[in-house]
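Working notes, beginning with the structure itself.
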Amino acid sequence: MTLKHNQQLPNNHFRKDWQRRVRVHFDQPGKKKTRRNARAEKAVKLAPRPVDKLRPVVRCPTVKYNRRVRAGRGFSFAELKEAGIPRKLAPTIGISVDPRRQNLSEESLAANVERLKAYKARLVLFPKKAKSPKSGDASAEDMSKAKEAGHEGHVKASKQAFPISNKVVIEEGKVSDYPATENAYRKLRDARSEARLVGKREKRAKTKDEEAAASKK
């Protein structure tokens, strides 16, 4: 007896190799506790240094999300130069650097430069050799204060000391309080018209000059 119509052929897979192919995650609560303990141990080991690096404030891509800001990969060379931090020194003092990033606006450049300066003001740089400190290293008084603060006073994470907020500030008022500075549509139409008529105007001016020169003769 043959099958009619578009019937599905039964092909059930009930004989799986559970020992090799199927994985369960019963260790999830234990792994969560292990990771938490590892983070705490790392914070104690790196103290008084933060466990993470300082990241810049960047705006999210695309029109849908560009109203939000987030932490970027690293600071650009222009931002480091404005803040007075050498590009090779920055990674050694907990500042993330992204050599490919470019600044597209003065606002983002100024915001990140202020972020770097605030970090630099709070930075206590211990010398590698206590007997021969270099320029930029912390003084003996600053180092003693940092040591007295202990584990409770030091910053465990840079993102906690320098948070990135997305609070929107809305300024309300009358329409008359915000007068229009220029007519953007008119400006675009004029620019398009000038670009279209540049050849005709040049030809007209050239013909006029030739006629004036011929009349003088």
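To be explicit about the labels: the chains of the structure tokens are called A, B, and onward in the order shown, and within each one the residues are counted from 1, while ligands get numbers from 1 in the order they are shown.
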
Could you give me, as a PDB file with N, CA and C atoms, in the first residue's frame, each residue of stretch 32-85 of chain A that DSSP assigns to strand (DSSP E or B) when run on this structure's backbone?
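Everything below was put into result30.pdb:
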```
ATOM      1  N   LEU A  54      39.802  53.095  32.617  1.00  0.00           N
ATOM      2  CA  LEU A  54      38.931  54.234  32.340  1.00  0.00           C
ATOM      3  C   LEU A  54      38.552  54.238  30.862  1.00  0.00           C
ATOM      4  N   VAL A  57      33.452  58.460  26.974  1.00  0.00           N
ATOM      5  CA  VAL A  57      32.010  58.561  26.737  1.00  0.00           C
ATOM      6  C   VAL A  57      31.794  58.716  25.242  1.00  0.00           C
ATOM      7  N   VAL A  58      31.090  57.769  24.624  1.00  0.00           N
ATOM      8  CA  VAL A  58      30.811  57.823  23.186  1.00  0.00           C
ATOM      9  C   VAL A  58      29.317  57.717  22.963  1.00  0.00           C
ATOM     10  N   ARG A  59      28.875  58.174  21.795  1.00  0.00           N
ATOM     11  CA  ARG A  59      27.453  58.129  21.454  1.00  0.00           C
ATOM     12  C   ARG A  59      27.178  56.886  20.617  1.00  0.00           C
ATOM     13  N   VAL A  69      24.332  57.594  25.317  1.00  0.00           N
ATOM     14  CA  VAL A  69      25.790  57.525  25.395  1.00  0.00           C
ATOM     15  C   VAL A  69      26.168  56.265  26.160  1.00  0.00           C
ATOM     16  N   ARG A  70      27.359  55.783  25.910  1.00  0.00           N
ATOM     17  CA  ARG A  70      27.848  54.562  26.554  1.00  0.00           C
ATOM     18  C   ARG A  70      29.356  54.635  26.678  1.00  0.00           C
ATOM     19  N   ALA A  71      29.952  53.641  27.296  1.00  0.00           N
ATOM     20  CA  ALA A  71      31.404  53.567  27.423  1.00  0.00           C
ATOM     21  C   ALA A  71      32.006  53.063  26.115  1.00  0.00           C
ATOM     22  N   PHE A  75      40.206  55.978  24.569  1.00  0.00           N
ATOM     23  CA  PHE A  75      40.354  57.395  24.237  1.00  0.00           C
ATOM     24  C   PHE A  75      41.188  57.552  22.967  1.00  0.00           C
TER      25      PHE A  75
END
```

A:Lys88 surroundings by only C-alpha atoms, 12 Å radius, close-in-sequence under 5 positions cut, as a list in words: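 Near A:Lys88, the qualifying residues are Phe77, Leu80, Lys81, Ile93, Gly94, Ile95, Ser96, Val97, Asp98 and Pro99 of chain A.
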
Å distance separating atom CA of A:Val198 from atom CA of A:Ala214, one decimal place: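 Pair atom CA of A:Val198 / atom CA of A:Ala214 returns 24.5 Å.
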